[in-house]
>>> print(open('data.cif').read())   # mmCIF, C-alpha atoms and all ligand atoms
data_coords
#
loop_
_atom_site.label_atom_id
_atom_site.label_comp_id
_atom_site.auth_asym_id
_atom_site.auth_seq_id
_atom_site.Cartn_x
_atom_site.Cartn_y
_atom_site.Cartn_z
CA MET K 119 0.00 0.00 0.00
CA PRO K 120 1.36 3.45 -0.82
CA GLN K 121 1.98 6.14 1.79
CA ALA K 122 2.18 9.92 1.50
CA LEU K 123 5.98 9.77 1.38
CA ASP K 124 5.72 7.73 -1.85
CA GLY K 125 4.03 10.65 -3.65
CA PRO K 126 7.13 12.16 -5.29
CA ARG K 127 8.43 8.73 -6.39
CA VAL K 128 5.05 7.87 -7.86
CA SER K 129 4.96 11.16 -9.82
CA ALA K 130 8.50 10.52 -11.11
CA LEU K 131 7.65 6.95 -12.19
CA ILE K 132 4.55 8.12 -14.08
CA LYS K 133 6.67 10.74 -15.85
CA ASP K 134 8.99 7.91 -16.99
CA CYS K 135 6.06 5.92 -18.41
CA PRO K 136 4.59 7.59 -21.49
CA PRO K 137 1.90 7.68 -22.78
CA LEU K 138 0.51 8.08 -19.25
CA ASP K 139 -0.70 11.56 -18.32
CA ALA K 140 1.34 13.10 -15.54
CA ASN K 141 -0.89 14.12 -12.65
CA SER K 142 -0.37 16.91 -10.17
CA ALA K 143 1.75 16.04 -7.13
CA TYR K 144 -1.35 16.71 -5.05
CA CYS K 145 -3.40 14.19 -7.03
CA ASN K 146 -0.75 11.50 -6.49
CA LEU K 147 -0.64 12.34 -2.77
CA LEU K 148 -4.40 11.93 -2.44
CA GLN K 149 -4.14 8.58 -4.21
CA CYS K 150 -1.34 7.51 -1.83
CA THR K 151 -3.45 8.44 1.22
CA HIS K 152 -7.23 8.65 0.76
CA PHE K 153 -7.16 5.98 -1.97
CA ALA K 154 -4.31 3.85 -0.56
CA ASP K 155 -6.65 0.85 -0.26
CA SER K 156 -7.10 0.78 -4.00
CA CYS K 157 -3.58 1.81 -5.04
CA MET K 158 -0.38 -0.24 -5.00
CA VAL K 159 3.35 0.36 -5.22
CA ALA K 160 6.00 -2.23 -6.13
CA GLU K 161 9.64 -1.92 -5.14
CA ARG K 162 12.71 -3.75 -6.39
CA GLN K 163 15.91 -3.25 -4.41
CA GLY K 164 14.51 -0.11 -2.83
CA GLN K 165 13.49 1.45 -6.15
CA LEU K 166 9.87 2.16 -6.99
CA VAL K 167 9.25 0.17 -10.18
CA GLY K 168 5.48 -0.30 -10.18
CA TRP K 169 2.38 1.78 -9.56
CA LEU K 170 -1.27 0.88 -9.83
CA SER K 171 -3.98 3.40 -9.04
CA GLY K 172 -7.70 2.85 -9.12
CA TYR K 173 -10.98 3.12 -7.29
CA ARG K 174 -14.32 1.42 -6.91
CA LEU K 175 -16.96 3.41 -8.79
CA PRO K 176 -18.90 5.43 -6.19
CA SER K 177 -22.17 4.66 -7.99
CA ALA K 178 -21.28 1.00 -8.72
CA PRO K 179 -18.81 -0.27 -6.11
CA GLU K 180 -18.81 -3.77 -7.59
CA GLN K 181 -16.76 -2.27 -10.43
CA PHE K 182 -13.07 -1.51 -9.93
CA PHE K 183 -11.58 1.04 -12.33
CA VAL K 184 -7.84 0.89 -12.99
CA TRP K 185 -6.86 4.52 -13.43
CA GLN K 186 -3.17 4.05 -14.17
CA ILE K 187 -0.75 1.17 -14.15
CA ALA K 188 2.90 1.97 -14.70
CA ILE K 189 5.93 -0.31 -14.69
CA HIS K 190 9.39 1.21 -14.96
CA PRO K 191 10.96 0.29 -18.34
CA SER K 192 13.68 -1.66 -16.50
CA SER K 193 11.08 -4.02 -14.99
CA ARG K 194 8.73 -4.59 -17.94
CA GLY K 195 8.01 -7.94 -19.47
CA THR K 196 8.47 -9.79 -16.19
CA GLY K 197 4.79 -10.20 -15.35
CA LEU K 198 4.84 -7.46 -12.72
CA ALA K 199 1.79 -5.55 -13.98
CA SER K 200 -0.22 -8.78 -14.23
CA ARG K 201 0.80 -9.72 -10.69
CA MET K 202 -0.14 -6.31 -9.32
CA LEU K 203 -3.60 -6.53 -10.91
CA ALA K 204 -4.13 -10.01 -9.48
CA GLU K 205 -2.91 -9.01 -6.02
CA MET K 206 -5.08 -5.90 -5.97
CA LEU K 207 -8.16 -8.06 -6.50
CA GLU K 208 -7.12 -10.23 -3.55
CA ARG K 209 -7.28 -7.33 -1.10
CA ASP K 210 -10.05 -7.27 1.50
CA ALA K 211 -10.88 -3.78 0.22
CA MET K 212 -11.92 -5.40 -3.08
CA ALA K 213 -14.52 -7.73 -1.57
CA GLY K 214 -17.59 -7.80 -3.81
CA VAL K 215 -15.82 -6.55 -6.94
CA ASP K 216 -17.09 -8.44 -9.98
CA THR K 217 -15.84 -6.27 -12.84
CA LEU K 218 -12.44 -4.84 -13.69
CA LEU K 219 -12.52 -1.66 -15.78
CA ALA K 220 -9.73 0.22 -17.53
CA SER K 221 -9.44 2.70 -20.34
CA ILE K 222 -6.96 2.23 -23.17
CA THR K 223 -5.93 4.28 -26.19
CA GLU K 224 -5.96 2.51 -29.56
CA ARG K 225 -2.18 2.48 -29.99
CA ASN K 226 -1.23 1.28 -26.51
CA THR K 227 -0.40 -2.29 -27.50
CA ALA K 228 1.22 -3.18 -24.16
CA SER K 229 -1.90 -2.12 -22.29
CA TRP K 230 -4.25 -4.05 -24.61
CA GLN K 231 -2.04 -7.11 -24.19
CA LEU K 232 -1.92 -6.71 -20.42
CA PHE K 233 -5.70 -6.60 -20.00
CA SER K 234 -6.52 -9.19 -22.65
CA ALA K 235 -3.93 -11.60 -21.18
CA PHE K 236 -5.44 -10.97 -17.74
CA ALA K 237 -8.93 -11.77 -19.05
CA ARG K 238 -7.67 -14.87 -20.83
CA ARG K 239 -5.84 -16.14 -17.75
CA HIS K 240 -8.96 -15.72 -15.61
CA GLY K 241 -11.28 -17.24 -18.21
CA ALA K 242 -13.08 -13.90 -18.24
CA GLU K 243 -14.90 -12.07 -20.98
CA MET K 244 -13.51 -8.68 -22.02
CA THR K 245 -15.86 -6.15 -23.61
CA ARG K 246 -14.94 -2.83 -25.18
CA TYR K 247 -17.08 0.34 -25.06
CA PRO K 248 -16.61 3.97 -26.15
CA MET K 249 -15.51 6.18 -23.26
CA PHE K 250 -13.84 9.55 -23.87
CA ASP K 251 -13.56 10.79 -27.44
CA ALA K 252 -10.47 12.66 -28.70
CA GLN K 253 -12.52 15.56 -30.09
CA ALA K 254 -15.70 15.64 -28.02
CA HIS K 255 -14.08 15.08 -24.63
CA PHE K 256 -10.40 15.98 -25.02
CA ALA K 257 -10.75 18.89 -27.47
CA GLY K 258 -8.23 17.16 -29.74
CA ARG K 259 -5.47 17.16 -27.11
CA HIS K 260 -5.55 13.47 -26.23
CA GLU K 261 -6.27 10.22 -28.03
CA THR K 262 -9.66 8.55 -27.64
CA GLU K 263 -9.87 6.35 -24.54
CA HIS K 264 -11.74 3.06 -24.95
CA LEU K 265 -13.31 1.50 -21.89
CA VAL K 266 -12.66 -2.20 -21.36
CA ALA K 267 -14.72 -4.22 -18.92
CA ILE K 268 -13.60 -7.63 -17.69
CA ALA K 269 -16.36 -9.62 -16.03
CA LEU K 270 -14.64 -11.72 -13.38
CA PRO K 271 -15.91 -15.29 -13.15
CA SER K 272 -17.27 -15.86 -9.65
CA ARG K 273 -14.45 -18.24 -8.68
CA HIS K 274 -11.93 -15.42 -9.28
CA ARG K 275 -13.87 -12.69 -7.54
CA PRO K 276 -12.28 -11.28 -4.41
CA SER K 277 -13.70 -13.01 -1.38
CA ARG K 278 -14.37 -11.46 1.98
CA SER K 279 -11.72 -11.96 4.62
CA SER K 280 -12.36 -14.79 7.05
CA GLN K 281 -12.45 -12.17 9.79
CA LEU K 282 -15.32 -10.34 8.13
CA GLN K 283 -17.11 -13.60 7.45
CA SER K 284 -16.88 -14.70 11.08
CA GLU K 285 -18.10 -11.28 12.25
CA GLU K 286 -21.14 -11.65 10.01
CA ILE K 287 -21.85 -15.14 11.32
C1 LIG S 1 1.44 -1.68 -19.91
C2 LIG S 1 2.49 -2.03 -18.84
C3 LIG S 1 1.96 -1.62 -17.48
C4 LIG S 1 2.72 -3.57 -18.89
O1 LIG S 1 3.60 -3.91 -17.80
P1 LIG S 1 4.41 -5.29 -17.76
O2 LIG S 1 4.79 -5.56 -16.34
O3 LIG S 1 5.51 -5.26 -18.75
O4 LIG S 1 3.29 -6.34 -18.22
P2 LIG S 1 3.34 -7.92 -18.00
O5 LIG S 1 4.79 -8.38 -18.00
O6 LIG S 1 2.52 -8.28 -16.82
O7 LIG S 1 2.67 -8.46 -19.34
C5 LIG S 1 1.28 -8.70 -19.44
C6 LIG S 1 0.96 -9.26 -20.83
O8 LIG S 1 1.13 -8.24 -21.82
C7 LIG S 1 2.11 -8.61 -22.78
N1 LIG S 1 2.88 -7.40 -23.07
C8 LIG S 1 3.45 -6.56 -22.19
N2 LIG S 1 4.08 -5.56 -22.83
C9 LIG S 1 3.91 -5.79 -24.15
C10 LIG S 1 4.32 -5.10 -25.32
N3 LIG S 1 5.06 -3.97 -25.26
N4 LIG S 1 3.95 -5.61 -26.52
C11 LIG S 1 3.22 -6.74 -26.60
N5 LIG S 1 2.79 -7.44 -25.52
C12 LIG S 1 3.14 -6.97 -24.32
C13 LIG S 1 2.95 -9.68 -22.11
O9 LIG S 1 3.54 -10.55 -23.05
C14 LIG S 1 1.91 -10.38 -21.25
O10 LIG S 1 1.14 -11.26 -22.03
P3 LIG S 1 1.14 -12.85 -21.69
O11 LIG S 1 0.71 -12.96 -20.25
O12 LIG S 1 0.17 -13.41 -22.68
O13 LIG S 1 2.57 -13.27 -21.89
C15 LIG S 1 3.85 -1.33 -19.13
O14 LIG S 1 4.24 -1.59 -20.47
C16 LIG S 1 3.82 0.18 -18.92
O15 LIG S 1 4.05 0.68 -17.82
N6 LIG S 1 3.55 0.95 -20.02
C17 LIG S 1 3.51 2.43 -19.94
C18 LIG S 1 2.31 2.92 -19.15
C19 LIG S 1 0.99 2.42 -19.73
O16 LIG S 1 0.74 2.51 -20.92
N7 LIG S 1 0.12 1.88 -18.84
C20 LIG S 1 -1.15 1.29 -19.21
C21 LIG S 1 -2.25 2.27 -19.39
S1 LIG S 1 -2.95 2.80 -17.85
#
>>> encode(input="data.cif", output="structure tokens", more="lines below")
Ligand SMILES: CC(C)(COP(=O)(O)OP(=O)(O)OC[C@H]1O[C@@H](n2cnc3c(N)ncnc32)[C@H](O)[C@@H]1OP(=O)(O)O)[C@@H](O)C(=O)NCCC(=O)NCCS
Amino acid sequence: MPQALDGPRVSALIKDCPPLDANSAYCNLLQCTHFADSCMVAERQGQLVGWLSGYRLPSAPEQFFVWQIAIHPSSRGTGLASRMLAEMLERDAMAGVDTLLASITERNTASWQLFSAFARRHGAEMTRYPMFDAQAHFAGRHETEHLVAIALPSRHRPSRSSQLQSEEI
């Protein structure tokens, strides 16, 4: 889980990972604190090499939206992003999530591969929808973002922690 002190390292990693949009330092700090439950950092030998940010939709908390996932170029192709996605869904904070959402630009091959491989591995269906259009929503300053939705089969859905289950019983 990230902490406030990770903020500057997270901002620097995102800057090293085009085509991701750089966010304000303040935005990354809020993610590292208020949204720490749904964000993740990965370190290798003390260096921050992975970042995953996301949130459960306020109006549909069974859906988890991956806002950004960034792996430092030195650590790509080792399965780290896939592992971070899988581990995020194992968190207690993800109990009840049945759909993984992300938005991807047409040319981001690595991202398409990441999410389609994830869907394939989990025997899940991946559907694509329009989301934010280059002209209508970004005033021509950003490529169109396509929404992908991965319906998690029930056996792969995050389960509640045994502690929560025993409290309910
Ligand atoms: C997209 C990104 C997070 C992938 O990270 P990664 O740790 O290298 O991904 P993984 O090693 O877990 O690979 C996942 C799958 O995608 C495939 N893949 C990863 N990068 C690829 C590339 N550049 N071209 C083709 N396939 C690729 C892998 O082969 C793997 O498929 P498999 O399981 O069938 O073998 C990383 O490339 C990145 O940080 N890119 C810049 C930021 C970005 O675009 N983020 C996504 C949008 S939010």
>>> closest_atom_pairs(input="data.cif", of="stretch 210-273 of chain K", to="stretch 179-199 of chain K", cutoff="7 Å", atoms="only C-alpha atoms", output="CSV")
residue,atom,partner,partner_atom,distance
K:Gly214,CA,K:Glu180,CA,5.7
K:Val215,CA,K:Glu180,CA,4.1
K:Asp216,CA,K:Glu180,CA,5.5
K:Thr217,CA,K:Gln181,CA,4.8
K:Leu218,CA,K:Phe182,CA,5.1
K:Leu219,CA,K:Phe183,CA,4.5
K:Ala220,CA,K:Val184,CA,5.0
>>> residues_around(input="data.cif", residues="K:Met119", least_positions_apart="4", cutoff="7 Å", atoms="only C-alpha atoms", output="short mmCIF file (atom, residue, chain, number, x, y, z; two decimals) with C-alpha atoms, keeping the file's coordinate frame")
data_model
loop_
_atom_site.label_atom_id
_atom_site.label_comp_id
_atom_site.auth_asym_id
_atom_site.auth_seq_id
_atom_site.Cartn_x
_atom_site.Cartn_y
_atom_site.Cartn_z
CA ALA K 154 -4.31 3.85 -0.56
CA ASP K 155 -6.65 0.85 -0.26
CA CYS K 157 -3.58 1.81 -5.04
CA MET K 158 -0.38 -0.24 -5.00
CA VAL K 159 3.35 0.36 -5.22
#
>>> residues_around(input="data.cif", residues="stretch 259-275 of chain K", least_positions_apart="2", cutoff="10 Å", atoms="only C-alpha atoms", output="VMD selection string")
chain K and resid 139 181 to 183 204 207 to 208 212 to 225 230 233 to 234 236 to 238 240 to 257 277 to 278
>>> closest_residue(input="data.cif", among="K:Leu166, K:Ala211, K:Leu175, K:Leu203", to="K:Pro120", atoms="all atoms listed in the file")
K:Leu166
>>> closest_residue(input="data.cif", among="K:Arg162, K:Arg209, K:Arg127, K:Lys133", to="ligand LIG 1 (chain S)", atoms="all atoms listed in the file")
K:Lys133
>>> axis_aligned_box(input="data.cif", around="ligand LIG 1 (chain S)", padding_each_side="4 Å", output="AutoDock Vina command-line options")
--center_x 1.3 --center_y -5.2 --center_z -21.5 --size_x 16.5 --size_y 24.3 --size_z 18.3
>>> closest_residue(input="data.cif", among="K:Leu232, K:Ala122, K:Met202, K:Ala143", to="ligand LIG 1 (chain S)", atoms="all atoms listed in the file")
K:Leu232
>>> atom_distance(input="data.cif", atom1="atom CA of K:Leu123", atom2="atom CA of K:His152")
13.3 Å
>>> atom_distance(input="data.cif", atom1="atom C20 of ligand LIG 1 (chain S)", atom2="atom CA of K:Ser229")
4.7 Å
>>> closest_residue(input="data.cif", among="K:Asp210, K:Leu138, K:Ala130, K:Glu205", to="ligand LIG 1 (chain S)", atoms="only C-alpha atoms and all ligand atoms")
K:Leu138
>>> closest_residue(input="data.cif", among="K:Val128, K:Gln121, K:Arg201, K:Met206", to="K:Tyr173", atoms="only C-alpha atoms")
K:Met206
>>> closest_residue(input="data.cif", among="K:Gln231, K:Pro126, K:Gly168, K:Glu161", to="K:Ala140", atoms="only C-alpha atoms")
K:Pro126
>>> atom_distance(input="data.cif", atom1="atom CA of K:Asn226", atom2="atom CA of K:Thr151")
28.7 Å
>>> build_atoms(input="data.cif", residues="stretch 247-265 of chain K", atoms="N, CA and C atoms", output="mmCIF file, keeping the file's coordinate frame")
data_model
loop_
_atom_site.group_PDB
_atom_site.id
_atom_site.type_symbol
_atom_site.label_atom_id
_atom_site.label_comp_id
_atom_site.auth_asym_id
_atom_site.auth_seq_id
_atom_site.Cartn_x
_atom_site.Cartn_y
_atom_site.Cartn_z
ATOM 1 N N TYR K 247 -16.039 -0.679 -24.880
ATOM 2 C CA TYR K 247 -17.080 0.340 -25.060
ATOM 3 C C TYR K 247 -16.410 1.678 -25.366
ATOM 4 N N PRO K 248 -17.142 2.616 -25.998
ATOM 5 C CA PRO K 248 -16.610 3.970 -26.150
ATOM 6 C C PRO K 248 -16.537 4.624 -24.766
ATOM 7 N N MET K 249 -15.563 5.488 -24.542
ATOM 8 C CA MET K 249 -15.510 6.180 -23.260
ATOM 9 C C MET K 249 -15.338 7.683 -23.483
ATOM 10 N N PHE K 250 -14.094 8.126 -23.656
ATOM 11 C CA PHE K 250 -13.840 9.550 -23.870
ATOM 12 C C PHE K 250 -13.253 9.742 -25.268
ATOM 13 N N ASP K 251 -13.930 10.578 -26.056
ATOM 14 C CA ASP K 251 -13.560 10.790 -27.440
ATOM 15 C C ASP K 251 -12.525 11.916 -27.584
ATOM 16 N N ALA K 252 -11.573 11.690 -28.506
ATOM 17 C CA ALA K 252 -10.470 12.660 -28.700
ATOM 18 C C ALA K 252 -11.005 14.070 -28.920
ATOM 19 N N GLN K 253 -12.021 14.215 -29.780
ATOM 20 C CA GLN K 253 -12.520 15.560 -30.090
ATOM 21 C C GLN K 253 -13.547 16.020 -29.065
ATOM 22 N N ALA K 254 -14.570 15.206 -28.865
ATOM 23 C CA ALA K 254 -15.700 15.640 -28.020
ATOM 24 C C ALA K 254 -15.295 15.852 -26.568
ATOM 25 N N HIS K 255 -14.395 15.000 -26.065
ATOM 26 C CA HIS K 255 -14.080 15.080 -24.630
ATOM 27 C C HIS K 255 -12.692 15.644 -24.333
ATOM 28 N N PHE K 256 -11.765 15.499 -25.286
ATOM 29 C CA PHE K 256 -10.400 15.980 -25.020
ATOM 30 C C PHE K 256 -10.036 17.198 -25.868
ATOM 31 N N ALA K 257 -10.992 17.723 -26.609
ATOM 32 C CA ALA K 257 -10.750 18.890 -27.470
ATOM 33 C C ALA K 257 -9.507 18.691 -28.342
ATOM 34 N N GLY K 258 -9.320 17.457 -28.823
ATOM 35 C CA GLY K 258 -8.230 17.160 -29.740
ATOM 36 C C GLY K 258 -6.854 17.083 -29.093
ATOM 37 N N ARG K 259 -6.789 17.134 -27.785
ATOM 38 C CA ARG K 259 -5.470 17.160 -27.110
ATOM 39 C C ARG K 259 -5.040 15.803 -26.563
ATOM 40 N N HIS K 260 -5.841 14.779 -26.804
ATOM 41 C CA HIS K 260 -5.550 13.470 -26.230
ATOM 42 C C HIS K 260 -6.240 12.439 -27.106
ATOM 43 N N GLU K 261 -5.629 11.267 -27.222
ATOM 44 C CA GLU K 261 -6.270 10.220 -28.030
ATOM 45 C C GLU K 261 -7.544 9.703 -27.353
ATOM 46 N N THR K 262 -8.433 9.156 -28.171
ATOM 47 C CA THR K 262 -9.660 8.550 -27.640
ATOM 48 C C THR K 262 -9.326 7.430 -26.648
ATOM 49 N N GLU K 263 -10.037 7.419 -25.542
ATOM 50 C CA GLU K 263 -9.870 6.350 -24.540
ATOM 51 C C GLU K 263 -11.045 5.383 -24.677
ATOM 52 N N HIS K 264 -10.711 4.107 -24.860
ATOM 53 C CA HIS K 264 -11.740 3.060 -24.950
ATOM 54 C C HIS K 264 -11.860 2.382 -23.594
ATOM 55 N N LEU K 265 -13.091 2.173 -23.171
ATOM 56 C CA LEU K 265 -13.310 1.500 -21.890
ATOM 57 C C LEU K 265 -13.321 -0.017 -22.112
#
